[in-house]
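Q: For reference, the file coords.cif (mmCIF, C-alpha atoms and all ligand atoms) is included below:
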data_model
loop_
_atom_site.label_atom_id
_atom_site.label_comp_id
_atom_site.auth_asym_id
_atom_site.auth_seq_id
_atom_site.Cartn_x
_atom_site.Cartn_y
_atom_site.Cartn_z
CA MET C 1 0.00 0.00 0.00
CA GLY C 2 1.24 3.47 -0.86
CA ILE C 3 1.26 6.45 1.50
CA VAL C 4 -1.98 7.95 0.16
CA LYS C 5 -3.81 4.64 0.39
CA ASP C 6 -2.45 4.17 3.91
CA ILE C 7 -3.83 7.54 4.98
CA LEU C 8 -7.18 6.83 3.31
CA TYR C 9 -7.31 3.49 5.10
CA LYS C 10 -6.69 5.20 8.44
CA ILE C 11 -9.43 7.79 7.93
CA SER C 12 -11.88 5.27 6.45
CA SER C 13 -14.87 4.39 8.53
CA SER C 14 -17.06 1.35 7.90
CA GLN C 15 -20.21 3.48 7.77
CA TYR C 16 -18.97 5.20 4.55
CA LEU C 17 -19.29 2.00 2.55
CA GLU C 18 -22.97 2.55 1.75
CA LYS C 19 -22.08 5.94 0.25
CA VAL C 20 -19.06 4.94 -1.83
CA LYS C 21 -19.85 1.42 -3.03
CA SER C 22 -21.57 2.17 -6.36
CA GLN C 23 -18.91 0.48 -8.47
CA SER C 24 -18.27 -3.24 -8.89
CA VAL C 25 -15.34 -4.73 -7.02
CA PHE C 26 -12.99 -7.54 -7.96
CA PRO C 27 -11.02 -8.63 -4.87
CA TYR C 28 -8.19 -11.14 -5.17
CA TYR C 29 -6.53 -13.58 -2.81
CA HIS C 30 -3.97 -16.36 -3.19
CA ILE C 31 -4.70 -18.66 -0.30
CA VAL C 32 -6.95 -19.17 2.71
CA ALA C 33 -5.42 -21.36 5.42
CA ASN C 34 -5.44 -21.76 9.18
CA ASP C 35 -1.89 -23.07 9.48
CA LYS C 36 1.60 -21.93 8.57
CA LYS C 37 2.65 -22.47 4.99
CA TRP C 38 6.43 -22.51 4.50
CA HIS C 39 6.19 -21.63 0.81
CA ILE C 40 4.16 -18.49 1.60
CA LYS C 41 5.48 -17.50 5.00
CA TYR C 42 8.09 -15.04 3.71
CA LEU C 43 5.98 -13.65 0.88
CA TYR C 44 2.72 -12.28 2.30
CA LEU C 45 0.16 -12.62 5.10
CA TYR C 46 -3.09 -14.50 4.50
CA LYS C 47 -6.45 -15.09 6.13
CA GLY C 48 -7.82 -18.13 7.91
CA THR C 49 -11.21 -19.67 7.17
CA GLU C 50 -13.07 -17.63 9.78
CA CYS C 51 -11.88 -14.34 8.30
CA PHE C 52 -12.63 -15.55 4.80
CA TYR C 53 -16.18 -16.49 5.77
CA SER C 54 -16.72 -13.04 7.21
CA ASP C 55 -15.31 -11.39 4.05
CA ILE C 56 -17.81 -13.33 1.97
CA GLU C 57 -20.65 -12.41 4.27
CA LEU C 58 -19.71 -8.76 4.13
CA LEU C 59 -19.36 -8.68 0.35
CA SER C 60 -22.65 -10.52 -0.09
CA LYS C 61 -24.37 -8.02 2.18
CA HIS C 62 -23.19 -4.94 0.25
CA TYR C 63 -22.70 -6.25 -3.29
CA ILE C 64 -24.45 -8.56 -5.74
CA PRO C 65 -22.48 -11.64 -6.82
CA LEU C 66 -21.44 -11.26 -10.44
CA PRO C 67 -21.82 -14.49 -12.42
CA VAL C 68 -18.64 -15.01 -14.45
CA GLU C 69 -20.64 -15.48 -17.67
CA LYS C 70 -21.84 -11.92 -17.26
CA ILE C 71 -18.37 -10.39 -17.40
CA ILE C 72 -17.63 -12.55 -20.37
CA GLU C 73 -20.71 -11.12 -22.02
CA ALA C 74 -19.60 -7.73 -20.65
CA LYS C 75 -22.93 -7.06 -18.97
CA GLU C 76 -23.99 -5.74 -15.61
CA LYS C 77 -21.06 -4.19 -13.85
CA ARG C 78 -22.56 -1.96 -11.19
CA ASN C 79 -22.30 -2.75 -7.53
CA THR C 80 -21.38 -6.37 -8.09
CA PHE C 81 -18.46 -8.43 -6.81
CA LEU C 82 -16.45 -11.30 -8.16
CA LEU C 83 -13.80 -13.18 -6.21
CA THR C 84 -10.56 -14.17 -7.90
CA PHE C 85 -7.61 -16.27 -6.71
CA ASP C 86 -4.09 -16.31 -8.15
CA ASP C 87 -1.32 -18.92 -8.37
CA GLY C 88 -3.33 -22.19 -8.32
CA LEU C 89 -2.40 -23.19 -4.77
CA ARG C 90 -3.80 -26.43 -3.40
CA GLU C 91 -5.87 -24.71 -0.69
CA VAL C 92 -7.99 -23.39 -3.49
CA TYR C 93 -9.36 -26.92 -3.75
CA THR C 94 -9.16 -28.07 -0.14
CA THR C 95 -10.42 -24.91 1.58
CA ILE C 96 -11.73 -22.17 -0.73
CA TYR C 97 -13.74 -24.31 -3.13
CA PRO C 98 -15.89 -26.01 -0.43
CA ILE C 99 -16.64 -22.65 1.22
CA LEU C 100 -17.66 -20.99 -2.05
CA LYS C 101 -19.76 -24.00 -3.00
CA GLU C 102 -21.51 -23.88 0.35
CA LYS C 103 -22.21 -20.17 -0.17
CA GLY C 104 -23.37 -20.66 -3.75
CA LEU C 105 -20.72 -18.33 -5.16
CA SER C 106 -18.66 -18.76 -8.29
CA ALA C 107 -15.11 -17.45 -8.72
CA VAL C 108 -12.18 -17.33 -11.11
CA PHE C 109 -8.92 -19.12 -10.37
CA PHE C 110 -5.76 -18.12 -12.23
CA ILE C 111 -3.18 -20.84 -12.60
CA ASN C 112 0.35 -21.38 -13.88
CA PRO C 113 0.38 -24.63 -15.92
CA ASP C 114 4.09 -25.25 -15.13
CA TYR C 115 3.15 -26.11 -11.53
CA VAL C 116 -0.14 -27.96 -11.99
CA ASP C 117 0.15 -31.55 -10.70
CA ASN C 118 3.12 -30.50 -8.58
CA LYS C 119 5.66 -31.02 -11.31
CA LYS C 120 7.88 -28.33 -9.84
CA MET C 121 7.88 -25.43 -7.43
CA MET C 122 7.33 -21.78 -8.30
CA TYR C 123 10.47 -19.68 -7.90
CA LYS C 124 9.18 -17.36 -5.18
CA HIS C 125 7.82 -20.35 -3.24
CA ARG C 126 11.23 -22.03 -3.44
CA LEU C 127 12.82 -18.98 -1.83
CA SER C 128 10.25 -18.94 0.98
CA VAL C 129 10.65 -22.69 1.65
CA LEU C 130 14.43 -22.32 1.81
CA LEU C 131 14.22 -19.37 4.18
CA SER C 132 11.85 -21.33 6.41
CA PHE C 133 14.40 -24.15 6.60
CA ILE C 134 17.19 -21.65 7.30
CA GLU C 135 14.98 -20.19 10.02
CA LYS C 136 14.77 -23.64 11.61
CA SER C 137 18.55 -23.51 11.99
CA ASN C 138 18.03 -20.26 13.89
CA PHE C 139 19.71 -18.42 11.04
CA ASP C 140 22.96 -20.23 11.74
CA LYS C 141 25.82 -17.96 10.65
CA ASN C 142 27.66 -20.81 9.01
CA ILE C 143 24.64 -21.63 6.79
CA LEU C 144 24.02 -17.96 5.95
CA ASN C 145 27.64 -17.53 4.84
CA ARG C 146 27.56 -20.61 2.64
CA VAL C 147 24.24 -19.60 1.05
CA ALA C 148 25.49 -16.05 0.42
CA ARG C 149 28.68 -17.41 -1.14
CA ILE C 150 26.78 -19.75 -3.48
CA CYS C 151 24.35 -17.01 -4.53
CA GLY C 152 27.10 -14.39 -4.78
CA PHE C 153 25.90 -11.69 -2.40
CA LYS C 154 27.11 -9.95 0.75
CA TYR C 155 24.96 -9.23 3.78
CA LYS C 156 25.28 -7.42 7.09
CA ASP C 157 22.93 -9.20 9.46
CA GLU C 158 20.10 -11.71 9.54
CA LYS C 159 17.57 -9.12 8.38
CA SER C 160 19.59 -7.97 5.39
CA PHE C 161 20.26 -11.62 4.52
CA ARG C 162 16.51 -12.27 4.38
CA GLN C 163 15.83 -9.18 2.31
CA ILE C 164 18.56 -9.89 -0.25
CA PHE C 165 17.73 -13.59 -0.44
CA LEU C 166 14.03 -12.93 -1.17
CA LYS C 167 14.97 -10.53 -3.96
CA LEU C 168 17.17 -13.01 -5.81
CA LYS C 169 16.07 -13.08 -9.44
CA PRO C 170 14.97 -16.22 -11.30
CA VAL C 171 18.33 -16.21 -13.18
CA LYS C 172 19.69 -17.60 -9.90
CA GLU C 173 17.64 -20.79 -10.35
CA LYS C 174 20.80 -22.96 -10.57
CA GLU C 175 22.19 -21.45 -7.37
CA ILE C 176 18.85 -22.07 -5.67
CA ASP C 177 19.09 -25.75 -6.72
CA LYS C 178 22.41 -25.86 -4.86
CA ILE C 179 20.87 -24.41 -1.70
CA PHE C 180 18.28 -27.19 -1.70
CA GLU C 181 21.18 -29.66 -1.85
CA LEU C 182 23.10 -27.81 0.84
CA LEU C 183 20.11 -27.93 3.19
CA ASN C 184 19.49 -31.55 2.35
CA ILE C 185 15.98 -31.00 1.05
CA ASN C 186 14.75 -33.31 -1.67
CA GLU C 187 12.55 -30.87 -3.56
CA LYS C 188 10.72 -33.55 -5.52
CA GLU C 189 9.82 -35.46 -2.37
CA TYR C 190 8.86 -32.26 -0.61
CA LEU C 191 6.45 -31.40 -3.43
CA GLU C 192 5.01 -34.91 -3.57
CA LYS C 193 4.38 -34.85 0.15
CA GLN C 194 3.18 -31.27 0.57
CA LYS C 195 1.28 -31.00 -2.73
CA LEU C 196 1.49 -27.23 -2.96
CA TYR C 197 -0.49 -26.86 -6.19
CA LEU C 198 -3.73 -27.98 -7.79
CA SER C 199 -3.90 -31.15 -9.84
CA LYS C 200 -5.64 -31.49 -13.19
CA ASP C 201 -8.31 -33.68 -11.59
CA GLU C 202 -9.05 -31.04 -8.98
CA ILE C 203 -9.32 -28.35 -11.65
CA GLN C 204 -11.68 -30.55 -13.65
CA GLU C 205 -13.89 -31.17 -10.63
CA MET C 206 -14.08 -27.47 -9.85
CA MET C 207 -14.91 -26.64 -13.46
CA ASP C 208 -17.64 -29.27 -13.43
CA ASN C 209 -19.07 -27.47 -10.40
CA GLY C 210 -19.32 -24.12 -12.15
CA PHE C 211 -15.95 -22.53 -11.33
CA TYR C 212 -13.83 -20.73 -13.89
CA PHE C 213 -10.12 -20.94 -14.59
CA GLY C 214 -7.82 -18.51 -16.31
CA GLY C 215 -4.15 -18.32 -17.19
CA HIS C 216 -1.63 -16.53 -14.98
CA SER C 217 1.33 -17.09 -17.38
CA MET C 218 3.08 -20.45 -17.72
CA SER C 219 5.81 -19.94 -15.13
CA HIS C 220 4.97 -16.77 -13.16
CA ARG C 221 8.29 -15.21 -14.15
CA PRO C 222 8.28 -11.40 -13.89
CA LEU C 223 7.04 -10.32 -17.32
CA HIS C 224 9.20 -7.19 -17.39
CA GLU C 225 12.30 -9.39 -17.37
CA LEU C 226 11.18 -11.07 -20.60
CA THR C 227 11.25 -9.99 -24.25
CA PHE C 228 8.01 -8.97 -25.92
CA GLU C 229 7.70 -12.33 -27.69
CA GLU C 230 8.39 -14.25 -24.47
CA GLN C 231 5.75 -12.23 -22.62
CA LYS C 232 3.22 -13.00 -25.32
CA ARG C 233 4.03 -16.72 -25.28
CA GLU C 234 3.93 -16.95 -21.46
CA ILE C 235 0.44 -15.42 -21.47
CA ILE C 236 -1.18 -17.02 -24.51
CA ASP C 237 0.27 -20.47 -23.80
CA SER C 238 -1.23 -20.48 -20.30
CA VAL C 239 -4.70 -19.66 -21.64
CA GLN C 240 -4.34 -22.11 -24.51
CA TRP C 241 -3.20 -24.82 -22.04
CA LEU C 242 -6.59 -24.60 -20.34
CA LYS C 243 -8.37 -24.88 -23.68
CA ASP C 244 -6.26 -27.88 -24.72
CA ASN C 245 -6.64 -29.72 -21.41
CA PHE C 246 -10.17 -28.79 -20.36
CA ARG C 247 -11.82 -27.59 -23.55
CA THR C 248 -12.57 -24.18 -22.06
CA THR C 249 -14.27 -21.96 -24.57
CA TYR C 250 -13.40 -18.66 -22.88
CA SER C 251 -10.11 -16.80 -22.33
CA LEU C 252 -9.38 -15.29 -18.93
CA PHE C 253 -5.96 -14.10 -17.82
CA ALA C 254 -4.46 -12.32 -14.79
CA PHE C 255 -1.03 -10.69 -15.03
CA PRO C 256 1.52 -12.24 -12.61
CA PHE C 257 2.97 -9.84 -9.99
CA SER C 258 1.54 -6.68 -11.54
CA ASP C 259 0.03 -5.22 -14.71
CA LYS C 260 2.21 -2.13 -14.35
CA GLY C 261 4.35 -1.55 -17.39
CA ILE C 262 2.33 -3.89 -19.61
CA SER C 263 2.34 -2.24 -23.04
CA SER C 264 -0.75 -1.48 -25.11
CA LYS C 265 0.98 -3.32 -27.97
CA LEU C 266 1.02 -6.53 -25.90
CA ILE C 267 -2.62 -6.06 -24.93
CA GLU C 268 -3.56 -5.55 -28.59
CA GLU C 269 -1.80 -8.79 -29.50
CA LEU C 270 -3.71 -10.66 -26.79
CA PHE C 271 -6.99 -9.42 -28.26
CA VAL C 272 -5.81 -10.65 -31.65
CA TYR C 273 -5.44 -14.12 -30.09
CA ASP C 274 -8.98 -13.84 -28.69
CA PRO C 275 -11.08 -10.67 -29.06
CA ASN C 276 -13.27 -11.90 -26.18
CA MET C 277 -10.37 -12.34 -23.79
CA ILE C 278 -10.82 -10.74 -20.36
CA LEU C 279 -7.64 -9.52 -18.65
CA PHE C 280 -7.25 -8.90 -14.94
CA GLY C 281 -4.79 -6.52 -13.30
CA ASN C 282 -4.19 -5.49 -9.72
CA SER C 283 -4.14 -1.69 -9.85
CA GLY C 284 -7.17 -1.08 -7.61
CA ILE C 285 -10.47 0.45 -8.74
CA ARG C 286 -9.36 2.06 -11.99
CA ARG C 287 -10.34 2.19 -15.62
CA ASP C 288 -7.96 0.64 -18.11
CA ILE C 289 -7.37 1.38 -21.79
CA ASP C 290 -9.98 -1.22 -22.79
CA SER C 291 -13.19 -2.38 -21.12
CA ARG C 292 -11.96 -5.97 -21.47
CA ILE C 293 -9.37 -5.24 -18.76
CA ILE C 294 -10.66 -5.53 -15.20
CA GLN C 295 -8.73 -4.05 -12.30
CA ARG C 296 -8.67 -5.73 -8.89
CA PHE C 297 -7.42 -5.12 -5.37
CA SER C 298 -6.25 -7.46 -2.63
CA LEU C 299 -8.37 -8.46 0.36
CA GLU C 300 -5.72 -10.86 1.60
CA ASN C 301 -4.15 -9.00 4.51
CA PRO C 302 -5.64 -10.39 7.76
CA LYS C 303 -4.42 -7.33 9.68
CA LYS C 304 -6.70 -5.02 7.72
CA HIS C 305 -10.35 -4.48 8.43
CA THR C 306 -12.22 -5.58 5.28
CA THR C 307 -14.94 -2.88 5.29
CA LYS C 308 -12.28 -0.22 5.75
CA VAL C 309 -10.26 -1.67 2.87
CA LEU C 310 -13.37 -1.48 0.65
CA VAL C 311 -13.97 2.13 1.68
CA ALA C 312 -10.28 3.06 1.25
CA GLU C 313 -10.13 1.49 -2.22
CA ASN C 314 -13.17 3.55 -3.23
CA LEU C 315 -11.77 6.74 -1.73
CA TYR C 316 -8.52 6.05 -3.53
CA LYS C 317 -10.54 5.89 -6.75
CA TYR C 318 -11.82 9.43 -6.09
CA TYR C 319 -8.31 10.57 -5.26
CA ASN C 320 -7.04 9.09 -8.54
CA LYS C 321 -9.83 10.84 -10.44
CA LEU C 322 -8.80 14.10 -8.79
CA VAL C 323 -5.13 13.80 -9.74
CA GLY C 324 -5.89 12.44 -13.22
CA LYS C 325 -4.70 8.89 -12.54
CA TYR C 326 -8.03 7.07 -12.63
CA LYS C 327 -7.59 6.16 -16.26
CA ILE C 328 -4.54 3.97 -16.72
CA LYS C 329 -2.13 5.10 -19.41
CA ARG C 330 -0.06 2.55 -21.28
CA ASN C 331 2.83 2.98 -23.70
ZN ZN H 401 0.57 -14.64 -8.95
#
Output the structure of this file as structure tokens.
A:
Amino acid sequence: MGIVKDILYKISSSQYLEKVKSQSVFPYYHIVANDKKWHIKYLYLYKGTECFYSDIELLSKHYIPLPVEKIIEAKEKRNTFLLTFDDGLREVYTTIYPILKEKGLSAVFFINPDYVDNKKMMYKHRLSVLLSFIEKSNFDKNILNRVARICGFKYKDEKSFRQIFLKLKPVKEKEIDKIFELLNINEKEYLEKQKLYLSKDEIQEMMDNGFYFGGHSMSHRPLHELTFEEQKREIIDSVQWLKDNFRTTYSLFAFPFSDKGISSKLIEELFVYDPNMILFGNSGIRRDIDSRIIQRFSLENPKKHTTKVLVAENLYKYYNKLVGKYKIKRN
């Protein structure tokens, strides 16, 4: 959250929601879980089931559920809500799916085909798992030094080690392999046991029960580190993968990490692939260069009061309108 949003959150009061809620909202989450997840622990905070239930209750009280078919047909966008979930984590099936089914709500899940069926682990999850294991050693100096040497960085203390380690770029994949060896973790076994991601069967079952799936790029690599052609392939291949494996007739896609810096040329090319494609970003309540792009905001932080987040996101919209930033500009 930026400074302005932080201030708006602080001054937001739940009672404003009735006044500011005229526009549809598209919240996103990654995971809902009651226990510690090593692969997430160092990345972001998340809600437990109780909090998630209360979010749903709150949204259902103030907004109308938006059936996914309606956005595809580009109809009815006022005062509705649609839940979305990124990264295809297993808890989507074990925890989120039963709750949504019970509540009669549909949702869209964005997945990275490279990790479906637990074939391998997403880069940022690998870093978090490794840090969790290093934490178990109480951040043993000897281990920190060896890890830093392998990855080629210098650090001052435990905190700076953590910060630098979490920012290591995917080009360090080979070095990260070596850290798994160093810490004696068999990654394949770990994945088989922990099952971090959805399987094809689970996706099929959810689809059969009225849930929608979209691409989130093949590998979740930061798009800005890729060439234009690679970006296009990462995106289109992930959407096409769903069509090839599940015969989906629609194209939904959410940008990994952020939609900031995504060029209008790339967006045009995606609409050449499928003019009915719906794209999802995470820039808050804003209008994009095309009505087929939907902007979302996160409701994941358990330390934030959900009604206040909804109010703050709406106030931030007015702020953006005031300073001329409501409409997203793309190069
Ligand atoms: Zn993601």
Q: List the spatial neighbours of region 147-159 of chain C as a count of residues only - criterion: any atom at most 8 Å away, all atoms listed in the file, same-chain residues fewer than 3 positions off excluded.
A: 11
Q: To one decimal in Å, tell me the separation between CA of Lys136 (chain C) and CA of Asn301 (chain C).
A: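 One can read the CA of Lys136 (chain C) to CA of Asn301 (chain C) distance as 25.0 Å.
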Q: Just want the residues within 7 Å of ligand ZN 401 (chain H), written as a list in words, counting all atoms listed in the file.
A: Asp86, Asp87, His216, His220, Pro256 and Phe257 of chain C
Q: Calculate how many Å separate CA of Lys19 (chain C) from CA of Ile328 (chain C), rounding to one decimal.
A: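 Between these atoms lies a distance of 24.5 Å.
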Q: What is the distance, in Å and to one decimal place, between CA of Thr84 (chain C) and CA of Arg233 (chain C)?
A: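 It comes out at 22.8 Å.
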Q: Could you list as a list in words every residue that has an atom within 9 Å of (14.9, -14.1, -8.9), using the file's coordinates and counting only C-alpha atoms?
A: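 Nearby residues: Tyr123, Lys124, Leu127, Phe165, Leu166, Lys167, Leu168, Lys169, Pro170, Val171, Lys172, Glu173, Arg221 and Pro222 of chain C.
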Q: Using all atoms listed in the file, which residues sit within 10 Å of Pro65 (chain C) once same-chain residues fewer than 6 positions away are excluded, as a list in words?
A: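 Final neighbour list, sorted by chain and number: Ser24, Val25, Leu59, Asn79, Thr80, Phe81, Leu82, Leu83, Gly104, Leu105, Ser106 and Ala107 of chain C.
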Q: Can you write out the residues you just picked, keeping C-alpha atoms, as a CSV table (one decimal), in the frame of the given file?
A:
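Below is the file selection_22.csv, written as the result:
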chain,number,residue,atom,x,y,z
C,24,SER,CA,-18.3,-3.2,-8.9
C,25,VAL,CA,-15.3,-4.7,-7.0
C,59,LEU,CA,-19.4,-8.7,0.4
C,79,ASN,CA,-22.3,-2.8,-7.5
C,80,THR,CA,-21.4,-6.4,-8.1
C,81,PHE,CA,-18.5,-8.4,-6.8
C,82,LEU,CA,-16.4,-11.3,-8.2
C,83,LEU,CA,-13.8,-13.2,-6.2
C,104,GLY,CA,-23.4,-20.7,-3.8
C,105,LEU,CA,-20.7,-18.3,-5.2
C,106,SER,CA,-18.7,-18.8,-8.3
C,107,ALA,CA,-15.1,-17.4,-8.7
Q: Quick one: residues within 6 Å of region 276-287 of chain C, all atoms listed in the file counted, chain neighbours fewer than 2 positions away excluded, as an NGL selection string?
A: :C and (251-255 or 259 or 274 or 292-297 or 317 or 326-327)
Q: Given the point (-18.1, -2.1, 4.0) in the file's coordinates, find the residues that have an atom at most 7 Å from it, counting all atoms listed in the file, and give them as a list in words.
A: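 Every residue inside that radius is included here: Ser14, Leu17, Leu58, His62, Thr306, Thr307, Lys308, Leu310 and Val311 of chain C.
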Q: Neighbours of Lys188 (chain C) within 12 Å (all atoms listed in the file; same-chain residues fewer than 4 positions away dropped), as a VMD selection string?
A: chain C and resid 117 to 121 126 177 180 to 181 184 192 to 196
